[in-house]
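**Student:** Quick one, entry_24.txt (compact mmCIF, C-alpha atoms and all ligand atoms):
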```txt
# COMPACT_ATOMS: atom_id res chain seq x y z
CA VAL A 1 36.67 108.85 90.45
CA ARG A 2 33.68 110.71 91.90
CA LYS A 3 32.77 107.76 94.13
CA LYS A 4 36.30 107.47 95.47
CA LEU A 5 36.47 111.20 96.14
CA GLY A 6 33.12 110.95 97.92
CA LYS A 7 34.78 108.88 100.62
CA LEU A 8 36.98 111.87 101.46
CA LYS A 9 34.01 114.00 102.44
CA LYS A 10 34.45 113.55 106.18
CA THR A 11 38.25 113.26 106.15
CA PRO A 12 39.87 116.41 107.58
CA ALA A 13 42.14 118.21 105.10
CA ILE A 14 45.54 117.62 106.70
CA THR A 15 48.83 117.40 104.82
CA LYS A 16 51.17 114.43 105.30
CA ASP A 17 53.30 116.53 107.66
CA GLY A 18 50.23 117.31 109.79
CA THR A 19 49.26 120.82 108.66
CA GLN A 20 45.53 121.48 108.90
CA ILE A 21 43.94 123.24 105.93
CA GLN A 22 40.51 124.90 105.81
CA LEU A 23 38.49 124.11 102.69
CA MET A 24 35.60 126.47 102.18
CA ALA A 25 32.87 126.77 99.57
CA ASN A 26 32.03 129.63 97.21
CA ILE A 27 28.27 130.05 96.84
CA GLU A 28 25.97 132.33 94.87
CA LEU A 29 22.64 131.56 96.54
CA PRO A 30 21.65 130.00 99.90
CA GLU A 31 20.51 126.79 98.18
CA ASP A 32 24.13 126.18 97.13
CA CYS A 33 24.86 125.43 100.81
CA GLU A 34 23.43 121.98 100.30
CA HIS A 35 26.16 121.25 97.76
CA ALA A 36 28.72 122.87 100.08
CA MET A 37 27.70 120.58 102.96
CA GLU A 38 27.66 117.51 100.71
CA SER A 39 31.22 118.25 99.65
CA GLY A 40 32.30 118.45 103.29
CA ALA A 41 33.18 122.17 103.29
CA ASN A 42 34.42 123.71 106.55
CA GLY A 43 32.20 126.70 105.87
CA VAL A 44 31.38 129.27 103.21
CA GLY A 45 34.43 131.34 102.26
CA LEU A 46 32.59 133.47 99.72
CA PHE A 47 28.86 134.11 99.45
CA ARG A 48 28.55 136.26 96.32
CA SER A 49 25.59 138.26 97.63
CA GLU A 50 25.15 140.20 94.39
CA PHE A 51 23.26 137.21 92.97
CA LEU A 52 20.36 138.12 95.30
CA PHE A 53 20.26 141.50 93.55
CA MET A 54 20.67 140.44 89.92
CA GLY A 55 18.01 139.61 87.34
CA ARG A 56 15.13 141.26 89.17
CA GLY A 57 14.52 144.40 87.08
CA ASP A 58 14.28 147.62 89.07
CA SER A 59 13.60 146.06 92.46
CA MET A 60 16.13 145.53 95.22
CA PRO A 61 15.78 142.86 97.90
CA SER A 62 14.48 144.43 101.13
CA GLU A 63 16.32 144.15 104.44
CA ASP A 64 13.94 141.41 105.60
CA GLU A 65 14.28 139.48 102.36
CA GLN A 66 18.07 139.64 102.57
CA TYR A 67 17.99 138.71 106.25
CA GLU A 68 15.95 135.61 105.39
CA GLN A 69 18.34 134.57 102.61
CA TYR A 70 21.49 135.10 104.70
CA THR A 71 19.86 133.28 107.62
CA ARG A 72 18.99 130.37 105.34
CA ALA A 73 22.65 130.03 104.40
CA VAL A 74 23.84 130.40 108.01
CA LEU A 75 21.40 127.74 109.27
CA ALA A 76 22.21 125.38 106.37
CA MET A 77 25.91 125.49 107.33
CA LYS A 78 25.10 124.29 110.88
CA GLY A 79 27.51 126.42 112.89
CA ARG A 80 30.26 126.58 110.27
CA PRO A 81 31.41 130.10 109.34
CA VAL A 82 29.60 131.86 106.50
CA THR A 83 31.54 134.68 104.83
CA ILE A 84 29.08 137.05 103.22
CA ARG A 85 30.61 139.35 100.68
CA THR A 86 28.87 142.70 100.45
CA LEU A 87 27.43 143.69 97.11
CA ASP A 88 30.06 143.31 94.35
CA ILE A 89 27.99 144.83 91.63
CA GLY A 90 29.12 146.36 88.33
CA ALA A 91 31.43 145.26 85.49
CA ASP A 92 30.86 141.52 84.89
CA LYS A 93 27.97 141.47 87.44
CA PRO A 94 25.66 144.39 86.56
CA LEU A 95 22.29 145.24 88.09
CA ASP A 96 19.44 145.32 85.55
CA GLN A 97 18.83 148.99 86.20
CA MET A 98 22.47 150.03 85.78
CA GLU A 99 23.30 152.23 82.84
CA HIS A 100 25.96 150.73 80.61
CA THR A 101 27.83 153.83 79.61
CA ALA A 102 31.25 153.34 81.17
CA LEU A 103 33.99 152.62 78.64
CA ASN A 104 35.86 150.52 81.22
CA PRO A 105 33.23 149.18 83.63
CA ALA A 106 35.79 146.98 85.43
CA LEU A 107 37.56 150.21 86.40
CA GLY A 108 34.33 152.04 87.18
CA LEU A 109 31.78 152.46 89.92
CA ARG A 110 31.56 148.88 91.20
CA ALA A 111 31.62 146.89 94.43
CA ILE A 112 32.62 148.97 97.49
CA ARG A 113 32.76 152.09 95.34
CA TYR A 114 29.12 151.60 94.38
CA CYS A 115 28.13 150.77 97.97
CA LEU A 116 29.77 153.89 99.41
CA ALA A 117 28.04 155.96 96.71
CA GLU A 118 24.68 154.34 97.62
CA PRO A 119 24.80 154.35 101.44
CA GLN A 120 21.14 153.34 101.89
CA ILE A 121 21.62 150.19 99.81
CA PHE A 122 24.83 149.40 101.71
CA LEU A 123 23.32 150.03 105.16
CA THR A 124 20.28 147.91 104.33
CA GLN A 125 22.54 145.01 103.38
CA LEU A 126 24.78 145.45 106.42
CA ARG A 127 21.78 145.42 108.78
CA ALA A 128 20.48 142.24 107.12
CA ILE A 129 23.88 140.52 107.43
CA LEU A 130 24.29 141.62 111.06
CA ARG A 131 20.83 140.35 111.97
CA ALA A 132 21.64 136.96 110.40
CA SER A 133 24.72 136.76 112.67
CA VAL A 134 22.60 135.74 115.67
CA HIS A 135 21.99 132.38 113.95
CA GLY A 136 25.61 131.28 113.53
CA LYS A 137 29.12 132.38 112.61
CA VAL A 138 28.93 135.22 110.12
CA ARG A 139 31.86 137.11 108.61
CA ILE A 140 31.57 140.26 106.48
CA LEU A 141 33.85 140.47 103.43
CA ILE A 142 34.23 143.72 101.50
CA PRO A 143 35.17 143.57 97.81
CA MET A 144 37.48 145.71 95.65
CA MET A 145 39.08 147.78 98.36
CA ALA A 146 42.09 149.86 97.41
CA HIS A 147 42.02 153.05 99.47
CA ALA A 148 42.41 153.81 103.16
CA PHE A 149 39.21 155.87 103.13
CA GLU A 150 37.30 152.83 101.84
CA ILE A 151 38.42 150.87 104.89
CA GLU A 152 37.50 153.73 107.23
CA GLN A 153 34.13 154.39 105.61
CA SER A 154 33.21 150.70 105.44
CA LEU A 155 33.94 150.27 109.14
CA ALA A 156 31.99 153.43 109.89
CA MET A 157 29.03 152.12 107.91
CA ILE A 158 29.09 148.84 109.85
CA LYS A 159 29.13 150.84 113.08
CA ARG A 160 26.19 152.88 111.84
CA ALA A 161 24.23 149.77 110.83
CA LYS A 162 24.81 148.38 114.35
CA ALA A 163 23.59 151.63 115.91
CA GLN A 164 20.45 151.50 113.76
CA LEU A 165 19.78 147.94 114.92
CA ASP A 166 20.38 148.97 118.54
CA GLU A 167 17.78 151.68 118.15
CA ARG A 168 15.30 149.14 116.85
CA GLY A 169 16.19 146.70 119.61
CA GLU A 170 17.38 144.05 117.12
CA ARG A 171 20.02 141.54 118.08
CA TYR A 172 23.29 140.83 116.27
CA ASP A 173 26.76 139.50 117.02
CA PRO A 174 28.73 142.62 118.02
CA ASP A 175 32.02 140.91 117.14
CA VAL A 176 31.29 139.90 113.54
CA PRO A 177 34.71 139.75 111.85
CA VAL A 178 35.22 142.14 108.94
CA GLY A 179 37.60 141.28 106.11
CA ALA A 180 38.81 142.76 102.85
CA MET A 181 39.14 141.17 99.47
CA ILE A 182 42.63 141.68 98.13
CA GLU A 183 41.97 141.80 94.41
CA ILE A 184 43.35 145.15 93.29
CA PRO A 185 47.15 145.23 93.01
CA ALA A 186 47.23 148.51 94.96
CA ALA A 187 45.77 146.66 97.97
CA ALA A 188 48.39 143.91 97.77
CA LEU A 189 51.07 146.61 97.63
CA ALA A 190 49.65 148.49 100.63
CA LEU A 191 49.02 145.60 103.00
CA PRO A 192 49.96 147.38 106.26
CA MET A 193 46.89 149.54 105.69
CA PHE A 194 44.69 146.43 105.59
CA VAL A 195 46.19 144.14 108.21
CA LYS A 196 45.93 146.89 110.82
CA LYS A 197 42.19 147.39 110.37
CA MET A 198 40.83 144.10 109.06
CA ASP A 199 40.13 140.83 110.89
CA PHE A 200 40.94 138.67 107.85
CA LEU A 201 41.86 138.87 104.17
CA SER A 202 40.63 136.97 101.14
CA ILE A 203 42.56 137.08 97.87
CA GLY A 204 40.37 137.35 94.78
CA THR A 205 42.71 136.01 92.16
CA ASN A 206 40.19 136.42 89.32
CA ASP A 207 40.26 140.19 89.59
CA LEU A 208 43.84 140.35 90.87
CA ILE A 209 44.99 138.74 87.62
CA GLN A 210 42.70 140.95 85.54
CA TYR A 211 43.99 144.16 87.11
CA THR A 212 47.64 143.19 87.45
CA LEU A 213 48.03 141.95 83.89
CA ALA A 214 45.51 144.41 82.39
CA ILE A 215 43.60 141.48 80.87
CA ASP A 216 39.80 141.75 80.74
CA ARG A 217 38.70 138.53 82.48
CA VAL A 218 35.71 138.12 80.16
CA ASP A 219 37.39 139.03 76.84
CA TYR A 220 38.17 135.83 74.94
CA GLU A 221 40.51 137.68 72.57
CA VAL A 222 43.03 138.14 75.38
CA ALA A 223 42.18 134.98 77.33
CA HIS A 224 45.52 133.43 76.30
CA LEU A 225 47.31 136.19 78.22
CA TYR A 226 45.38 135.53 81.45
CA ASN A 227 48.12 133.64 83.27
CA PRO A 228 47.80 132.86 87.01
CA LEU A 229 51.46 131.80 87.01
CA HIS A 230 52.81 135.17 85.87
CA PRO A 231 55.60 135.96 88.36
CA ALA A 232 53.91 139.25 89.31
CA ILE A 233 50.78 137.38 90.37
CA LEU A 234 52.74 134.88 92.44
CA GLN A 235 54.60 137.72 94.17
CA LEU A 236 51.38 139.57 95.06
CA ILE A 237 49.73 136.43 96.44
CA ALA A 238 52.80 135.42 98.46
CA MET A 239 53.17 138.93 99.88
CA THR A 240 49.55 139.01 100.95
CA ILE A 241 49.70 135.63 102.67
CA ALA A 242 52.95 136.53 104.45
CA ALA A 243 51.77 139.96 105.59
CA GLY A 244 48.48 138.57 106.89
CA HIS A 245 50.12 135.77 108.83
CA LYS A 246 52.77 138.09 110.23
CA ALA A 247 49.96 140.28 111.57
CA GLY A 248 48.22 137.22 112.97
CA ILE A 249 45.18 137.30 110.71
CA GLU A 250 43.78 134.58 108.44
CA VAL A 251 44.29 134.80 104.70
CA ALA A 252 42.22 132.84 102.20
CA VAL A 253 42.23 132.58 98.43
CA CYS A 254 38.70 132.60 97.00
CA GLY A 255 39.43 133.10 93.29
CA GLU A 256 39.51 130.29 90.73
CA MET A 257 43.14 129.46 91.57
CA ALA A 258 42.02 128.00 94.91
CA GLY A 259 39.90 125.36 93.17
CA ASP A 260 42.53 124.25 90.66
CA ALA A 261 44.07 121.07 92.08
CA LYS A 262 47.12 121.57 89.84
CA LEU A 263 47.90 124.72 91.86
CA THR A 264 47.15 123.33 95.34
CA ARG A 265 50.77 122.49 96.19
CA LEU A 266 52.00 125.83 94.88
CA LEU A 267 49.56 127.68 97.14
CA LEU A 268 50.40 125.45 100.11
CA GLY A 269 54.07 126.20 99.51
CA MET A 270 53.27 129.93 99.50
CA GLY A 271 51.82 129.48 102.99
CA LEU A 272 48.12 129.35 102.16
CA ARG A 273 46.04 127.54 104.79
CA GLU A 274 42.51 128.46 103.68
CA PHE A 275 41.10 127.73 100.23
CA SER A 276 37.62 128.70 99.06
CA MET A 277 36.21 127.27 95.85
CA HIS A 278 33.18 125.95 94.00
CA PRO A 279 31.95 122.92 95.97
CA SER A 280 32.46 120.63 92.97
CA GLN A 281 36.23 121.21 93.19
CA LEU A 282 36.58 120.68 96.91
CA LEU A 283 37.24 116.96 97.09
CA SER A 284 39.89 116.91 94.36
CA VAL A 285 41.71 119.76 96.13
CA LYS A 286 41.38 117.83 99.41
CA GLN A 287 42.85 114.73 97.81
CA GLU A 288 45.83 116.80 96.68
CA ILE A 289 46.28 118.18 100.22
CA LEU A 290 46.17 114.71 101.78
CA ASN A 291 48.96 113.63 99.42
CA SER A 292 51.08 116.74 99.96
CA ASP A 293 54.11 117.03 102.23
CA LEU A 294 55.12 120.61 103.04
CA SER A 295 58.63 119.55 103.98
CA LEU A 296 59.11 118.44 100.36
CA ILE A 297 57.31 121.40 98.79
CA LYS A 298 58.96 124.21 100.77
CA PRO A 299 62.53 123.64 99.49
CA GLN A 300 61.24 124.08 95.91
CA MET A 301 59.56 127.42 96.56
CA ARG A 302 62.63 129.70 96.35
CA LYS A 303 63.29 128.62 92.81
CA ILE A 304 59.65 129.11 91.79
CA MET A 305 59.31 132.51 93.42
CA ARG A 306 62.53 133.78 91.85
CA ALA A 307 61.82 132.52 88.34
CA MET A 308 60.78 135.11 85.76
CA ASP A 309 60.31 132.80 82.79
CA PRO A 310 56.71 131.51 82.60
CA ASP A 311 57.76 128.12 81.20
CA THR A 312 60.25 127.60 84.04
CA ILE A 313 57.50 128.41 86.55
CA ALA A 314 54.94 126.16 84.84
CA ASP A 315 57.44 123.26 84.72
CA ALA A 316 58.35 123.73 88.39
CA VAL A 317 54.68 123.77 89.39
CA ILE A 318 54.10 120.53 87.48
CA ALA A 319 57.17 119.05 89.20
CA LEU A 320 55.61 119.82 92.62
CA GLN A 321 52.90 117.33 91.74
CA ALA A 322 55.40 114.51 91.44
CA LEU A 323 56.81 115.03 94.97
C1 LIG B 1 37.83 137.16 92.46
O1 LIG B 1 37.86 138.26 91.93
O2 LIG B 1 38.77 136.35 92.43
C2 LIG B 1 36.64 136.72 93.21
C3 LIG B 1 36.66 135.67 93.99
O3 LIG B 1 35.50 137.43 93.08
P1 LIG B 1 34.61 137.47 91.75
O4 LIG B 1 35.06 136.35 90.85
O5 LIG B 1 33.21 137.33 92.21
O6 LIG B 1 34.92 138.83 91.20
MG MG B 2 36.44 139.81 92.32
```
Taking this structure as input, can you express it in the form of structure tokens?
**Tutor:**
Amino acid sequence: VRKKLGKLKKTPAITKDGTQIQLMANIELPEDCEHAMESGANGVGLFRSEFLFMGRGDSMPSEDEQYEQYTRAVLAMKGRPVTIRTLDIGADKPLDQMEHTALNPALGLRAIRYCLAEPQIFLTQLRAILRASVHGKVRILIPMMAHAFEIEQSLAMIKRAKAQLDERGERYDPDVPVGAMIEIPAAALALPMFVKKMDFLSIGTNDLIQYTLAIDRVDYEVAHLYNPLHPAILQLIAMTIAAGHKAGIEVAVCGEMAGDAKLTRLLLGMGLREFSMHPSQLLSVKQEILNSDLSLIKPQMRKIMRAMDPDTIADAVIALQAL
């Protein structure tokens, strides 16, 4: 199977009815770009930058060190866009020096909350990302946003990082797009706030499911309740895609759902045109896209989006595969 899929590497991801789909890679470290390129990715949809910060005791990567790592990824992708997510630290991805006292770390000081509380760490990372933007197409993606002030303050911090670089005479792309992860239900329910200020959105289904269903994503005792096909999840994803497209901005899914070929047609039917996943999943998702016809999928979507019974939804999603 692997050999056959390998042939698809250079084939553009276009559905039978001619709709072009962007297939992006999720990476943790710059060296993963090799795998991303081998799988024929259109770019990096999610660079989980926190992996540069983890497992190194008390030390933090310096601006220069981060700049080198981001630049490595940008150069490796040869002009394709690289979406660098700012530090998403805390909860399931702790720093070594973090104290583990919070009773509910997933609801605690993590991601953008941590970055806004530690402005020097955030500014250092933003300057490093901006500097890397002279080497290719860089996009900044901000995790775990829920509040209007987080949007305002993040944009203000990016402006400040640019001003600091100006003062130092360093170059950067002044038009680096800035996007928000939609992974807290409150964000998906307050989309006008985001589409007005952001250049793109990326749906983090891993956390969106965790927070919507109140299921700890790393607790095996409740793993059976972690259901991507819960009608509430489907509604939130569909709303986000629709609101983004209505506002004329791109919407991606970068959570695990995007890499599950059994869900590809469902997501296509919901309007998704950009999928970001682990490189190893990319060719099987592409194969599914090449065999999909939106004119056959779309008529089935009303029934799926109205269903409240999980078995009905699961059966209908399986039926999409037979179209
Ligand atoms: C997500 O939450 O879906 C996501 C892509 O980010 P992470 O898994 O790194 O939290
Ligand atoms: Mg997340």
**Student:** Please provide as a PyMOL selection string all residues within 10 Å of stretch 212-226 of chain A, with the sequence filter that same-chain residues fewer than 3 positions apart are discarded (counting only C-alpha atoms).
**Tutor:** chain A and resi 91-92+104+106+183-186+205-209+229-230+232-233+236
**Student:** So what do you get for atom CA of A:Val176 versus atom CA of A:Glu34, distance-wise?
**Tutor:**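 We find that atom CA of A:Val176 and atom CA of A:Glu34 lie 23.6 Å from each other.
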**Student:** Could you give me, as a PyMOL selection string, every polymer residue with an atom at most 10 Å away from an atom of ligand LIG 1 (chain B), counting only C-alpha atoms and all ligand atoms?
**Tutor:** chain A and resi 26-28+45-51+85+87-93+111+143-144+181-184+202-211+217+253-258+276-277
**Student:** Measuring atom to atom with all atoms listed in the file, identify which of A:Lys286, A:Arg160, A:His245, A:Arg72 is nearest to A:Gly271.
**Tutor:**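 Looking at the shortest contact to A:Gly271, the residue is A:His245.
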**Student:** Taking all atoms of stretch 91-95 of chain A that the file lists and extending 6 Å past them on each side, where is the centre of the axis-aligned box and how long are its edges? Answer in Å to one decimal, as AutoDock Vina command-line options.
**Tutor:**
```
--center_x 26.9 --center_y 143.4 --center_z 86.5 --size_x 21.1 --size_y 15.8 --size_z 15.2
```
**Student:** Please compute the atom CA of A:Tyr70-atom CA of A:Ala132 distance, one decimal, in Å.
**Tutor:**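 Computing it gives 6.0 Å between the two atoms.
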**Student:** Name the residues within 8 Å of (39.8, 153.3, 91.2), counting only C-alpha atoms in the file's coordinates, and put them as a PyMOL selection string.
**Tutor:** chain A and resi 107-108+146
**Student:** Quote the spacing between atom CA of A:Arg273 and atom CA of A:Gln125 in Å to one decimal place.
**Tutor:**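 So the answer is 29.3 Å.
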**Student:** Identify, on the basis of all atoms listed in the file, every residue whose closest approach to A:Pro12 does not exceed 10 Å; exclude the query and any residue fewer than 4 positions from it along the same chain; express the result as a VMD selection string.
**Tutor:** chain A and resid 8 20 to 23 40 to 42 286 289 to 290
**Student:** In terms of the shortest atom-to-atom distance over only C-alpha atoms and all ligand atoms, which of A:Arg110, A:Arg265, A:Lys298, A:Arg168 is closest to ligand MG 2 (chain B)?
**Tutor:**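 Of all the options, A:Arg110 lies closest to ligand MG 2 (chain B).
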**Student:** Closest to A:Ser62 among A:Met37, A:Lys4, A:Ile129, A:Leu75, using all atoms listed in the file?
**Tutor:**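 Of A:Met37, A:Lys4, A:Ile129, A:Leu75, the one nearest A:Ser62, counting all atoms listed in the file, is A:Ile129.
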**Student:** Please, which residues are within 12 Å of (58.2, 119.3, 90.5) by the file's coordinates, counting only C-alpha atoms, and could they come as a PyMOL selection string?
**Tutor:** chain A and resi 262-263+265-266+296-301+303-304+312-323
**Student:** Please identify all polymer residues within 10 Å of A:Pro192, counting only C-alpha atoms, omitting same-chain residues fewer than 2 positions from it, and present them as a ChimeraX atom specification.
**Tutor:** /A:187-190,194-197,240,243-244,247
**Student:** Measuring between all atoms listed in the file, which one of A:Asn291, A:Gln66, A:Thr86, A:Ser154 shows the shortest distance to ligand MG 2 (chain B)?
**Tutor:**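 Checking each of A:Asn291, A:Gln66, A:Thr86, A:Ser154 against ligand MG 2 (chain B), counting all atoms listed in the file, the winner is A:Thr86.
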**Student:** Model the absent atoms of stretch 209-219 of chain A so that all heavy atoms are present, and write the result as a PDB file, in the frame of the given file.
**Tutor:**
```
ATOM      1  N   ILE A 209      44.309 139.018  88.902  1.00  0.00           N
ATOM      2  CA  ILE A 209      44.990 138.740  87.620  1.00  0.00           C
ATOM      3  C   ILE A 209      44.535 139.754  86.570  1.00  0.00           C
ATOM      4  O   ILE A 209      45.352 140.332  85.846  1.00  0.00           O
ATOM      5  CB  ILE A 209      44.700 137.290  87.157  1.00  0.00           C
ATOM      6  CG1 ILE A 209      45.255 136.276  88.159  1.00  0.00           C
ATOM      7  CG2 ILE A 209      45.293 137.051  85.759  1.00  0.00           C
ATOM      8  CD1 ILE A 209      44.768 134.842  87.950  1.00  0.00           C
ATOM      9  N   GLN A 210      43.227 139.991  86.520  1.00  0.00           N
ATOM     10  CA  GLN A 210      42.700 140.950  85.540  1.00  0.00           C
ATOM     11  C   GLN A 210      43.375 142.319  85.670  1.00  0.00           C
ATOM     12  O   GLN A 210      43.810 142.910  84.676  1.00  0.00           O
ATOM     13  CB  GLN A 210      41.181 141.096  85.753  1.00  0.00           C
ATOM     14  CG  GLN A 210      40.587 142.419  85.293  1.00  0.00           C
ATOM     15  CD  GLN A 210      39.078 142.387  85.121  1.00  0.00           C
ATOM     16  OE1 GLN A 210      38.585 141.927  84.100  1.00  0.00           O
ATOM     17  NE2 GLN A 210      38.350 142.889  86.104  1.00  0.00           N
ATOM     18  N   TYR A 211      43.468 142.804  86.930  1.00  0.00           N
ATOM     19  CA  TYR A 211      43.990 144.160  87.110  1.00  0.00           C
ATOM     20  C   TYR A 211      45.511 144.221  87.049  1.00  0.00           C
ATOM     21  O   TYR A 211      46.076 145.223  86.632  1.00  0.00           O
ATOM     22  CB  TYR A 211      43.491 144.754  88.434  1.00  0.00           C
ATOM     23  CG  TYR A 211      41.991 144.955  88.469  1.00  0.00           C
ATOM     24  CD1 TYR A 211      41.202 144.378  89.441  1.00  0.00           C
ATOM     25  CD2 TYR A 211      41.364 145.745  87.498  1.00  0.00           C
ATOM     26  CE1 TYR A 211      39.827 144.559  89.477  1.00  0.00           C
ATOM     27  CE2 TYR A 211      39.990 145.931  87.517  1.00  0.00           C
ATOM     28  CZ  TYR A 211      39.222 145.336  88.511  1.00  0.00           C
ATOM     29  OH  TYR A 211      37.872 145.517  88.521  1.00  0.00           O
ATOM     30  N   THR A 212      46.175 143.163  87.473  1.00  0.00           N
ATOM     31  CA  THR A 212      47.640 143.190  87.450  1.00  0.00           C
ATOM     32  C   THR A 212      48.161 143.068  86.020  1.00  0.00           C
ATOM     33  O   THR A 212      49.096 143.777  85.626  1.00  0.00           O
ATOM     34  CB  THR A 212      48.214 142.042  88.314  1.00  0.00           C
ATOM     35  OG1 THR A 212      47.657 142.127  89.620  1.00  0.00           O
ATOM     36  CG2 THR A 212      49.728 142.143  88.413  1.00  0.00           C
ATOM     37  N   LEU A 213      47.544 142.174  85.257  1.00  0.00           N
ATOM     38  CA  LEU A 213      48.030 141.950  83.890  1.00  0.00           C
ATOM     39  C   LEU A 213      47.288 142.797  82.858  1.00  0.00           C
ATOM     40  O   LEU A 213      47.577 142.714  81.663  1.00  0.00           O
ATOM     41  CB  LEU A 213      47.895 140.462  83.530  1.00  0.00           C
ATOM     42  CG  LEU A 213      48.618 139.466  84.454  1.00  0.00           C
ATOM     43  CD1 LEU A 213      48.437 138.042  83.938  1.00  0.00           C
ATOM     44  CD2 LEU A 213      50.093 139.798  84.572  1.00  0.00           C
ATOM     45  N   ALA A 214      46.311 143.597  83.311  1.00  0.00           N
ATOM     46  CA  ALA A 214      45.510 144.410  82.390  1.00  0.00           C
ATOM     47  C   ALA A 214      44.860 143.537  81.319  1.00  0.00           C
ATOM     48  O   ALA A 214      44.878 143.847  80.128  1.00  0.00           O
ATOM     49  CB  ALA A 214      46.345 145.529  81.772  1.00  0.00           C
ATOM     50  N   ILE A 215      44.299 142.416  81.762  1.00  0.00           N
ATOM     51  CA  ILE A 215      43.600 141.480  80.870  1.00  0.00           C
ATOM     52  C   ILE A 215      42.139 141.426  81.304  1.00  0.00           C
ATOM     53  O   ILE A 215      41.846 140.978  82.412  1.00  0.00           O
ATOM     54  CB  ILE A 215      44.176 140.045  80.997  1.00  0.00           C
ATOM     55  CG1 ILE A 215      45.669 140.015  80.726  1.00  0.00           C
ATOM     56  CG2 ILE A 215      43.420 139.098  80.057  1.00  0.00           C
ATOM     57  CD1 ILE A 215      46.079 140.504  79.391  1.00  0.00           C
ATOM     58  N   ASP A 216      41.225 141.854  80.447  1.00  0.00           N
ATOM     59  CA  ASP A 216      39.800 141.750  80.740  1.00  0.00           C
ATOM     60  C   ASP A 216      39.448 140.272  80.955  1.00  0.00           C
ATOM     61  O   ASP A 216      39.628 139.444  80.064  1.00  0.00           O
ATOM     62  CB  ASP A 216      39.010 142.326  79.556  1.00  0.00           C
ATOM     63  CG  ASP A 216      37.516 142.402  79.831  1.00  0.00           C
ATOM     64  OD1 ASP A 216      37.018 141.636  80.689  1.00  0.00           O
ATOM     65  OD2 ASP A 216      36.849 143.219  79.175  1.00  0.00           O
ATOM     66  N   ARG A 217      38.940 139.944  82.147  1.00  0.00           N
ATOM     67  CA  ARG A 217      38.700 138.530  82.480  1.00  0.00           C
ATOM     68  C   ARG A 217      37.590 137.897  81.654  1.00  0.00           C
ATOM     69  O   ARG A 217      37.447 136.690  81.649  1.00  0.00           O
ATOM     70  CB  ARG A 217      38.421 138.379  83.993  1.00  0.00           C
ATOM     71  CG  ARG A 217      37.216 139.113  84.482  1.00  0.00           C
ATOM     72  CD  ARG A 217      37.130 139.111  86.007  1.00  0.00           C
ATOM     73  NE  ARG A 217      36.274 138.045  86.510  1.00  0.00           N
ATOM     74  CZ  ARG A 217      35.881 137.938  87.778  1.00  0.00           C
ATOM     75  NH1 ARG A 217      36.291 138.826  88.683  1.00  0.00           N
ATOM     76  NH2 ARG A 217      35.108 136.953  88.161  1.00  0.00           N
ATOM     77  N   VAL A 218      36.772 138.713  80.971  1.00  0.00           N
ATOM     78  CA  VAL A 218      35.710 138.120  80.160  1.00  0.00           C
ATOM     79  C   VAL A 218      35.923 138.353  78.656  1.00  0.00           C
ATOM     80  O   VAL A 218      35.016 138.111  77.865  1.00  0.00           O
ATOM     81  CB  VAL A 218      34.305 138.636  80.590  1.00  0.00           C
ATOM     82  CG1 VAL A 218      33.960 138.145  81.978  1.00  0.00           C
ATOM     83  CG2 VAL A 218      34.217 140.164  80.544  1.00  0.00           C
ATOM     84  N   ASP A 219      37.113 138.781  78.260  1.00  0.00           N
ATOM     85  CA  ASP A 219      37.390 139.030  76.840  1.00  0.00           C
ATOM     86  C   ASP A 219      38.185 137.862  76.266  1.00  0.00           C
ATOM     87  O   ASP A 219      39.368 137.696  76.565  1.00  0.00           O
ATOM     88  CB  ASP A 219      38.156 140.354  76.708  1.00  0.00           C
ATOM     89  CG  ASP A 219      38.406 140.738  75.249  1.00  0.00           C
ATOM     90  OD1 ASP A 219      38.223 139.875  74.359  1.00  0.00           O
ATOM     91  OD2 ASP A 219      38.784 141.894  75.015  1.00  0.00           O
TER      92      ASP A 219
END
```
